[in-house]
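Colleague: model-v1.cif is reproduced below (mmCIF, C-alpha atoms and all ligand atoms).
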```cif
data_query
#
loop_
_atom_site.label_atom_id
_atom_site.label_comp_id
_atom_site.auth_asym_id
_atom_site.auth_seq_id
_atom_site.Cartn_x
_atom_site.Cartn_y
_atom_site.Cartn_z
CA MET A 1 13.45 0.61 -20.53
CA ALA A 2 13.48 -2.60 -18.45
CA LEU A 3 10.94 -2.65 -15.63
CA ALA A 4 12.36 -2.43 -12.08
CA ILE A 5 11.11 -5.86 -11.02
CA SER A 6 10.24 -9.18 -12.59
CA TYR A 7 7.98 -11.98 -11.42
CA GLU A 8 11.14 -13.81 -10.24
CA ASP A 9 11.80 -10.99 -7.78
CA ILE A 10 8.29 -11.43 -6.36
CA ALA A 11 8.70 -15.20 -6.07
CA ALA A 12 12.05 -14.68 -4.27
CA ALA A 13 10.46 -12.13 -1.92
CA HIS A 14 7.70 -14.61 -1.18
CA ARG A 15 10.27 -17.24 -0.14
CA ARG A 16 11.91 -14.71 2.22
CA LEU A 17 8.53 -13.85 3.76
CA GLN A 18 7.60 -17.48 4.30
CA GLY A 19 6.91 -18.04 8.00
CA VAL A 20 7.45 -14.34 8.75
CA ALA A 21 4.52 -12.57 7.05
CA HIS A 22 0.97 -13.85 7.41
CA ARG A 23 -0.67 -15.49 4.44
CA THR A 24 -3.78 -13.30 4.78
CA PRO A 25 -7.28 -14.64 4.12
CA VAL A 26 -9.25 -14.16 0.91
CA ILE A 27 -12.87 -13.57 1.83
CA ARG A 28 -16.12 -13.55 -0.12
CA SER A 29 -19.39 -11.72 0.50
CA GLN A 30 -22.63 -12.92 -1.04
CA THR A 31 -24.02 -9.46 -0.34
CA VAL A 32 -21.27 -7.86 -2.42
CA ASN A 33 -21.72 -10.41 -5.20
CA GLY A 34 -25.47 -9.73 -5.18
CA LEU A 35 -25.04 -5.95 -5.22
CA THR A 36 -22.42 -5.90 -7.97
CA GLY A 37 -23.37 -8.91 -10.09
CA ALA A 38 -19.70 -9.89 -9.97
CA SER A 39 -17.78 -12.66 -8.23
CA VAL A 40 -15.55 -10.72 -5.84
CA PHE A 41 -12.52 -11.96 -3.89
CA PHE A 42 -11.20 -9.69 -1.14
CA LYS A 43 -7.53 -10.10 -0.20
CA CYS A 44 -7.49 -8.95 3.42
CA GLU A 45 -4.17 -7.24 4.15
CA ASN A 46 -5.86 -5.52 7.09
CA PHE A 47 -5.04 -8.85 8.78
CA GLN A 48 -1.33 -8.65 7.83
CA ARG A 49 1.26 -8.18 10.58
CA MET A 50 1.19 -4.54 11.77
CA GLY A 51 -2.14 -4.21 9.99
CA ALA A 52 -1.20 -3.55 6.37
CA PHE A 53 0.63 -5.01 3.34
CA LYS A 54 3.58 -2.68 4.00
CA PHE A 55 5.23 -5.34 6.18
CA ARG A 56 5.85 -7.41 3.04
CA GLY A 57 7.99 -4.85 1.21
CA ALA A 58 9.71 -3.54 4.32
CA TYR A 59 10.84 -6.95 5.50
CA ASN A 60 11.93 -8.01 2.01
CA ALA A 61 14.10 -4.88 1.75
CA LEU A 62 15.67 -5.19 5.21
CA VAL A 63 16.38 -8.92 5.21
CA LYS A 64 18.46 -8.44 2.04
CA LEU A 65 20.83 -5.88 3.62
CA THR A 66 24.44 -6.89 4.41
CA ASP A 67 25.45 -7.48 8.03
CA ALA A 68 27.37 -4.20 8.02
CA GLN A 69 24.27 -2.31 6.81
CA LYS A 70 22.13 -4.07 9.38
CA ARG A 71 24.48 -2.92 12.17
CA LEU A 72 24.21 0.74 11.10
CA GLY A 73 20.41 0.64 11.09
CA VAL A 74 17.63 1.81 8.82
CA CYS A 75 15.86 5.12 8.23
CA ALA A 76 12.46 5.63 6.61
CA PHE A 77 9.95 8.42 5.94
CA SER A 78 6.29 7.52 6.00
CA SER A 79 2.78 8.70 6.77
CA GLY A 80 2.41 5.62 8.92
CA ASN A 81 2.14 2.08 7.66
CA HIS A 82 5.54 1.92 5.98
CA ALA A 83 6.95 3.24 9.25
CA GLN A 84 5.36 0.41 11.17
CA GLY A 85 6.45 -2.13 8.57
CA ILE A 86 10.06 -0.95 8.80
CA ALA A 87 9.95 -0.70 12.59
CA LEU A 88 8.58 -4.22 13.02
CA SER A 89 10.96 -5.69 10.41
CA ALA A 90 13.93 -3.97 12.08
CA GLN A 91 12.83 -5.34 15.45
CA ILE A 92 12.60 -8.88 14.02
CA LEU A 93 16.05 -8.53 12.45
CA GLY A 94 17.64 -6.89 15.53
CA MET A 95 18.29 -3.56 13.79
CA ASN A 96 17.84 0.07 14.91
CA ALA A 97 15.19 2.06 13.03
CA THR A 98 14.65 5.83 12.77
CA ILE A 99 11.33 6.92 11.23
CA VAL A 100 10.52 10.41 9.90
CA MET A 101 6.72 10.85 10.25
CA PRO A 102 4.28 13.72 9.66
CA GLN A 103 3.35 15.29 13.02
CA ASP A 104 -0.38 14.86 12.17
CA SER A 105 -0.10 11.09 11.54
CA PRO A 106 -2.85 9.05 13.21
CA ALA A 107 -1.91 8.58 16.87
CA ILE A 108 -2.30 4.81 16.55
CA LYS A 109 0.36 4.69 13.82
CA MET A 110 2.88 6.82 15.73
CA ALA A 111 2.33 4.84 18.93
CA ALA A 112 2.69 1.52 17.14
CA THR A 113 5.90 2.67 15.43
CA ARG A 114 7.39 3.63 18.81
CA ALA A 115 6.12 0.40 20.37
CA TYR A 116 8.11 -1.58 17.79
CA GLY A 117 11.20 0.12 19.18
CA ALA A 118 11.79 2.75 16.48
CA GLN A 119 12.85 6.33 17.12
CA VAL A 120 10.27 8.74 15.63
CA ILE A 121 11.20 12.17 14.25
CA SER A 122 8.22 14.32 13.18
CA TYR A 123 7.82 16.97 10.47
CA ASP A 124 5.09 19.19 8.97
CA ARG A 125 3.65 17.42 5.92
CA TYR A 126 2.48 20.66 4.28
CA ARG A 127 5.76 22.51 4.77
CA ASP A 128 8.85 20.33 5.19
CA ASP A 129 10.66 18.13 2.65
CA ARG A 130 10.56 14.72 4.30
CA GLU A 131 12.91 13.17 1.78
CA ALA A 132 15.57 15.79 2.43
CA ILE A 133 15.25 15.36 6.21
CA SER A 134 15.51 11.58 5.91
CA ARG A 135 18.41 11.67 3.47
CA GLN A 136 20.42 13.95 5.75
CA LEU A 137 19.74 11.79 8.82
CA ALA A 138 20.66 8.62 6.96
CA HIS A 139 23.82 10.24 5.62
CA GLU A 140 24.94 11.54 9.03
CA GLN A 141 24.47 8.20 10.78
CA GLY A 142 25.32 5.77 7.99
CA MET A 143 21.81 4.33 8.01
CA THR A 144 20.23 2.75 4.94
CA LEU A 145 17.23 4.74 3.71
CA ILE A 146 14.31 2.57 2.60
CA PRO A 147 11.69 4.62 0.74
CA PRO A 148 8.00 3.64 1.03
CA TYR A 149 7.40 2.68 -2.59
CA ASP A 150 10.11 3.61 -5.06
CA HIS A 151 12.45 0.72 -4.31
CA ALA A 152 12.66 -2.61 -6.16
CA ASP A 153 12.74 -4.80 -3.03
CA VAL A 154 9.77 -2.94 -1.55
CA MET A 155 7.77 -3.28 -4.79
CA ALA A 156 8.61 -7.00 -5.10
CA GLY A 157 7.54 -7.59 -1.49
CA GLN A 158 4.19 -5.84 -2.03
CA GLY A 159 3.58 -7.98 -5.12
CA THR A 160 3.47 -11.10 -2.96
CA ALA A 161 -0.04 -10.06 -1.83
CA ALA A 162 -1.35 -10.51 -5.38
CA LYS A 163 0.71 -13.69 -5.84
CA GLU A 164 -1.08 -15.25 -2.87
CA LEU A 165 -4.44 -14.04 -4.15
CA PHE A 166 -4.02 -15.61 -7.59
CA GLU A 167 -2.69 -18.82 -6.07
CA GLU A 168 -5.95 -19.05 -4.15
CA THR A 169 -8.45 -17.87 -6.78
CA GLY A 170 -6.90 -18.91 -10.07
CA PRO A 171 -7.20 -16.50 -12.99
CA LEU A 172 -9.25 -13.31 -12.53
CA ASP A 173 -10.72 -10.88 -15.06
CA LEU A 174 -9.95 -7.79 -13.08
CA LEU A 175 -7.83 -6.75 -10.09
CA LEU A 176 -8.62 -3.52 -8.21
CA VAL A 177 -5.70 -2.07 -6.22
CA CYS A 178 -5.45 1.22 -4.31
CA LEU A 179 -2.46 3.40 -4.95
CA GLY A 180 -0.47 6.20 -3.42
CA GLY A 181 3.08 6.06 -4.72
CA GLY A 182 2.36 2.88 -6.61
CA GLY A 183 4.51 0.30 -4.83
CA LEU A 184 1.64 -2.07 -4.15
CA ILE A 185 0.02 -1.80 -7.57
CA SER A 186 3.29 -2.14 -9.47
CA GLY A 187 4.14 -5.36 -7.61
CA CYS A 188 0.59 -6.64 -8.05
CA ALA A 189 0.57 -5.81 -11.77
CA VAL A 190 3.79 -7.77 -12.34
CA ALA A 191 2.32 -10.72 -10.41
CA ALA A 192 -0.92 -10.51 -12.41
CA ALA A 193 0.91 -10.46 -15.74
CA ALA A 194 2.68 -13.70 -14.78
CA LEU A 195 -0.08 -15.58 -12.97
CA SER A 196 -3.24 -14.39 -14.70
CA PRO A 197 -2.36 -13.06 -18.15
CA GLY A 198 -5.29 -11.06 -19.48
CA CYS A 199 -6.35 -9.92 -16.02
CA ARG A 200 -6.82 -6.16 -16.20
CA VAL A 201 -5.32 -4.27 -13.27
CA ILE A 202 -7.05 -1.03 -12.33
CA GLY A 203 -5.72 1.46 -9.79
CA VAL A 204 -7.90 3.40 -7.36
CA GLU A 205 -6.80 6.69 -5.80
CA PRO A 206 -8.48 9.51 -3.86
CA LYS A 207 -10.45 12.03 -5.96
CA ALA A 208 -8.67 14.86 -4.11
CA GLY A 209 -5.29 13.71 -5.44
CA ASN A 210 -5.59 12.08 -8.87
CA ASP A 211 -1.93 12.47 -9.84
CA ALA A 212 -1.69 8.82 -10.93
CA GLN A 213 -4.75 9.14 -13.17
CA GLN A 214 -3.23 12.25 -14.78
CA SER A 215 0.18 10.59 -15.05
CA LYS A 216 -1.28 7.49 -16.68
CA ARG A 217 -3.24 9.54 -19.21
CA LEU A 218 -0.37 11.91 -20.07
CA GLY A 219 2.30 9.20 -20.11
CA ARG A 220 4.60 11.07 -17.70
CA ILE A 221 4.82 11.59 -13.93
CA VAL A 222 2.52 14.44 -12.84
CA ARG A 223 3.29 16.05 -9.45
CA ILE A 224 0.52 17.65 -7.37
CA ASP A 225 0.29 19.43 -4.00
CA THR A 226 -0.24 17.11 -1.01
CA PRO A 227 -3.93 16.19 -1.35
CA ARG A 228 -6.33 16.71 1.55
CA THR A 229 -8.13 13.41 1.93
CA ILE A 230 -8.93 11.00 4.76
CA ALA A 231 -6.96 8.37 2.81
CA ASP A 232 -3.71 9.22 4.60
CA GLY A 233 -1.82 6.32 3.01
CA ALA A 234 -2.43 7.81 -0.44
CA GLN A 235 -1.50 11.45 0.26
CA THR A 236 1.42 11.16 -2.12
CA GLN A 237 2.40 13.92 -4.53
CA ALA A 238 3.71 11.77 -7.37
CA LEU A 239 4.34 8.24 -8.58
CA GLY A 240 7.91 6.99 -8.36
CA GLN A 241 10.62 6.74 -11.01
CA LEU A 242 10.44 2.94 -10.67
CA THR A 243 6.70 2.51 -10.11
CA PHE A 244 5.51 4.75 -12.95
CA PRO A 245 6.98 2.72 -15.87
CA ILE A 246 5.26 -0.41 -14.52
CA ILE A 247 1.94 1.41 -14.08
CA ASP A 248 2.35 2.89 -17.55
CA ALA A 249 3.01 -0.55 -19.08
CA LEU A 250 0.83 -2.94 -17.06
CA VAL A 251 -2.06 -1.02 -15.45
CA SER A 252 -5.15 -0.54 -17.64
CA ASP A 253 -6.71 2.48 -15.98
CA ILE A 254 -6.90 4.55 -12.80
CA VAL A 255 -10.23 5.55 -11.25
CA THR A 256 -10.94 7.82 -8.28
CA VAL A 257 -13.09 7.66 -5.15
CA SER A 258 -14.30 10.54 -2.92
CA ASP A 259 -13.88 10.65 0.87
CA ALA A 260 -17.67 10.22 1.28
CA GLU A 261 -17.51 7.05 -0.82
CA LEU A 262 -14.61 5.78 1.32
CA ILE A 263 -16.69 6.26 4.45
CA ASP A 264 -19.60 4.35 2.87
CA ALA A 265 -17.22 1.49 2.03
CA MET A 266 -15.72 1.48 5.56
CA ARG A 267 -19.24 1.37 6.99
CA PHE A 268 -20.15 -1.52 4.67
CA ALA A 269 -16.97 -3.40 5.64
CA ALA A 270 -17.73 -3.02 9.35
CA ALA A 271 -21.46 -3.69 9.20
CA ARG A 272 -21.68 -6.41 6.56
CA MET A 273 -18.25 -8.03 6.41
CA LYS A 274 -17.31 -7.52 10.08
CA ILE A 275 -13.90 -6.10 9.25
CA VAL A 276 -12.10 -2.89 10.19
CA VAL A 277 -10.65 -1.15 7.14
CA GLU A 278 -8.74 2.14 7.17
CA PRO A 279 -9.73 4.84 4.64
CA THR A 280 -6.88 4.10 2.20
CA GLY A 281 -7.55 0.39 2.60
CA ALA A 282 -11.13 0.95 1.43
CA LEU A 283 -10.26 2.61 -1.90
CA ALA A 284 -10.44 -0.51 -4.11
CA MET A 285 -13.49 -1.82 -2.27
CA ALA A 286 -15.28 1.52 -2.73
CA ALA A 287 -14.54 1.43 -6.46
CA ALA A 288 -16.19 -2.03 -6.67
CA LEU A 289 -19.21 -1.07 -4.55
CA GLN A 290 -19.74 2.25 -6.37
CA SER A 291 -19.38 0.72 -9.86
CA LYS A 292 -16.47 2.99 -10.73
CA VAL A 293 -15.49 0.18 -13.07
CA GLU A 294 -17.83 -2.16 -14.97
CA ILE A 295 -17.52 -5.44 -13.05
CA ARG A 296 -20.87 -7.17 -13.67
CA GLY A 297 -20.33 -10.80 -14.66
CA LEU A 298 -16.59 -10.70 -13.92
CA ARG A 299 -14.28 -12.48 -11.47
CA VAL A 300 -12.75 -9.59 -9.57
CA GLY A 301 -9.94 -9.38 -7.02
CA VAL A 302 -10.01 -6.48 -4.56
CA ILE A 303 -7.04 -5.74 -2.33
CA ILE A 304 -8.03 -4.41 1.08
CA SER A 305 -4.66 -2.87 1.85
CA GLY A 306 -4.85 -2.06 5.56
CA GLY A 307 -6.87 -1.67 8.74
CA ASN A 308 -4.96 0.80 10.89
CA ILE A 309 -7.35 3.45 12.14
CA ASP A 310 -7.98 4.99 15.57
CA ILE A 311 -11.15 3.34 16.82
CA ALA A 312 -12.55 6.72 17.98
CA GLN A 313 -11.84 8.11 14.49
CA LEU A 314 -13.59 5.16 12.90
CA ALA A 315 -16.58 5.65 15.19
CA SER A 316 -16.81 9.31 14.21
CA TYR A 317 -16.78 8.40 10.49
CA LEU A 318 -19.46 5.77 11.00
CA ALA A 319 -21.70 7.90 13.25
C1 LIG A 401 0.91 2.72 1.70
C2 LIG A 401 -0.49 2.33 1.60
C3 LIG A 401 -1.17 2.38 0.38
C4 LIG A 401 -0.53 2.90 -0.89
O1 LIG A 401 0.54 2.10 -1.29
P1 LIG A 401 1.58 2.57 -2.41
O2 LIG A 401 2.54 1.46 -2.52
O3 LIG A 401 2.21 3.85 -1.94
O4 LIG A 401 0.80 2.82 -3.64
C5 LIG A 401 -2.45 1.91 0.34
N1 LIG A 401 -3.08 1.45 1.45
C6 LIG A 401 -2.47 1.40 2.65
C7 LIG A 401 -3.22 0.88 3.81
C8 LIG A 401 -1.15 1.83 2.76
O5 LIG A 401 -0.55 1.78 3.95
#
```
Could you rewrite the structure in this file as structure tokens?

Modeller:
Amino acid sequence: MALAISYEDIAAAHRRLQGVAHRTPVIRSQTVNGLTGASVFFKCENFQRMGAFKFRGAYNALVKLTDAQKRLGVCAFSSGNHAQGIALSAQILGMNATIVMPQDSPAIKMAATRAYGAQVISYDRYRDDREAISRQLAHEQGMTLIPPYDHADVMAGQGTAAKELFEETGPLDLLLVCLGGGGLISGCAVAAAALSPGCRVIGVEPKAGNDAQQSKRLGRIVRIDTPRTIADGAQTQALGQLTFPIIDALVSDIVTVSDAELIDAMRFAAARMKIVVEPTGALAMAAALQSKVEIRGLRVGVIISGGNIDIAQLASYLA
């Protein structure tokens, strides 16, 4: 079966994002290089607009809609960052946005989504079917539903993060990418295959919800109950119909990280690198710091996917 996106789709998305999304910095840490024996390049999407890479895919999907679709507005379901990405993109494009969010989403994410002018509708993440709620709303009001990961334009947009990284670093031996539904890693894997052939792409997900690891090993999508982890951006139950075939074909392996290891990585990021990273954003970094993958002697890219966390919550993790 043909993969949902090609490198051309990522290059086209990158042209659309030009001057709209930030080209985020790639930072180094001699401390990390010393600790790991690797040469590590951190792509800092915590500095992206609205604080995470999700802006890339959301904007790429919305800017491609027809004028008629734009007038009817957009609907999305999200645990937070996709919501903000859609809300901000809709605001930039002059569209209405309705976001279906879990009622226990971090306050900062709900507030930011509302501040970008979106209407927020909340649901219970352990009980309700968010996709059904969103689909019905979209249907009733003629809105276009943009899912958080299983959508070709979203995946292509997310892949622009890795495109920028490779353009800056040249070829790498290994790329570590966190994953929930797999939108980011599928885009990054397609970019890696084109720009750094031979670069292994390894996914990192929470230990409490290793559905992608199981799916990769069994060669089919495995669905699990909503995992209880502090990595709220990776509390997904299953990979997507479009993301899984790319992960199956282009990702070498999936490793897992515990919540305690995420907190250690967030503490390291704050204390040593002077950056705020949210739990999900720390997954790939934690895998590098905890030697979940053999990286000694290698040139390694690490995507720091986001930095949206309540400051009081961060303080309580670090205390
Ligand atoms: C959404 C999100 C992820 C997971 O991305 P997928 O495309 O669902 O795999 C990782 N980190 C952050 C910060 C996110 O917002």

Colleague: Using all atoms listed in the file, which residues sit within 8 Å of Ala152 of chain A once same-chain residues fewer than 5 positions away are excluded, as a CSV table (one decimal) with C-alpha atoms, in the frame of the given file?

Modeller:
```
chain,number,residue,atom,x,y,z
A,4,ALA,CA,12.4,-2.4,-12.1
A,5,ILE,CA,11.1,-5.9,-11.0
A,242,LEU,CA,10.4,2.9,-10.7
```

Colleague: Which is closest to Leu174 of chain A among A:Val190, A:Val302, A:Leu239, A:Leu65, if we use only C-alpha atoms?

Modeller: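 Distance minimum relative to Leu174 of chain A lands on A:Val302.
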
Colleague: I'd like the interatomic distance between atom CA of Phe42 of chain A and atom CA of Ile304 of chain A, to a tenth of an Å.

Modeller: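 Result for atom CA of Phe42 of chain A versus atom CA of Ile304 of chain A: 6.5 Å, one decimal.
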
Colleague: Would you work out the distance separating atom CA of Leu17 of chain A from atom CA of Ser89 of chain A, expressed in Å to one decimal?

Modeller: 10.8 Å

Colleague: If we count only C-alpha atoms and set the cut-off at 8 Å, which residues sit around Gly157 of chain A, ignoring sequence neighbours fewer than 3 positions away in its own chain? Please answer as a ChimeraX atom specification.

Modeller: /A:10,13-14,56-61,153-154,160-161,187

Colleague: Between A:Arg130, A:Arg15, A:His22, A:His82, which one has atoms that come closest to ligand LIG 401 (chain A), using only C-alpha atoms and all ligand atoms?

Modeller: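 Ranking A:Arg130, A:Arg15, A:His22, A:His82 by distance to ligand LIG 401 (chain A), first place goes to A:His82.
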
Colleague: Let me see if you get this right: every residue at most 6 Å from ligand LIG 401 (chain A), counting only C-alpha atoms and all ligand atoms, written as a ChimeraX atom specification.

Modeller: /A:52,81,149,178-184,233-234,280-281,305-306

Colleague: Write out as number ranges by chain which residues come within 12 Å of Asp104 of chain A when counting all atoms listed in the file, dropping same-chain ones fewer than 5 positions away.

Modeller: A: 78-80, 109-110, 122-126, 230, 232

Colleague: Do you have the atom CA of Met95 of chain A-atom CA of Asp9 of chain A distance handy?

Modeller: 23.7 Å

Colleague: Keeping just C-alpha atoms, export segment 261-278 of chain A of this structure as a PDB file, in the first residue's frame.

Modeller:
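Final output, part_23.pdb:
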```
ATOM      1  CA  GLU A 261      12.292   9.112  33.973  1.00  0.00           C
ATOM      2  CA  LEU A 262      10.280  11.901  32.319  1.00  0.00           C
ATOM      3  CA  ILE A 263      10.497  13.972  35.485  1.00  0.00           C
ATOM      4  CA  ASP A 264      14.277  13.415  35.634  1.00  0.00           C
ATOM      5  CA  ALA A 265      14.561  14.604  32.018  1.00  0.00           C
ATOM      6  CA  MET A 266      12.359  17.665  32.677  1.00  0.00           C
ATOM      7  CA  ARG A 267      14.531  18.510  35.681  1.00  0.00           C
ATOM      8  CA  PHE A 268      17.685  18.122  33.570  1.00  0.00           C
ATOM      9  CA  ALA A 269      16.215  20.324  30.823  1.00  0.00           C
ATOM     10  CA  ALA A 270      15.361  23.072  33.316  1.00  0.00           C
ATOM     11  CA  ALA A 271      18.524  22.916  35.402  1.00  0.00           C
ATOM     12  CA  ARG A 272      21.174  22.245  32.769  1.00  0.00           C
ATOM     13  CA  MET A 273      19.723  23.416  29.467  1.00  0.00           C
ATOM     14  CA  LYS A 274      17.565  26.240  30.856  1.00  0.00           C
ATOM     15  CA  ILE A 275      14.486  25.149  28.945  1.00  0.00           C
ATOM     16  CA  VAL A 276      10.920  24.317  29.966  1.00  0.00           C
ATOM     17  CA  VAL A 277       9.782  21.001  28.510  1.00  0.00           C
ATOM     18  CA  GLU A 278       6.375  19.394  29.076  1.00  0.00           C
TER      19      GLU A 278
END
```
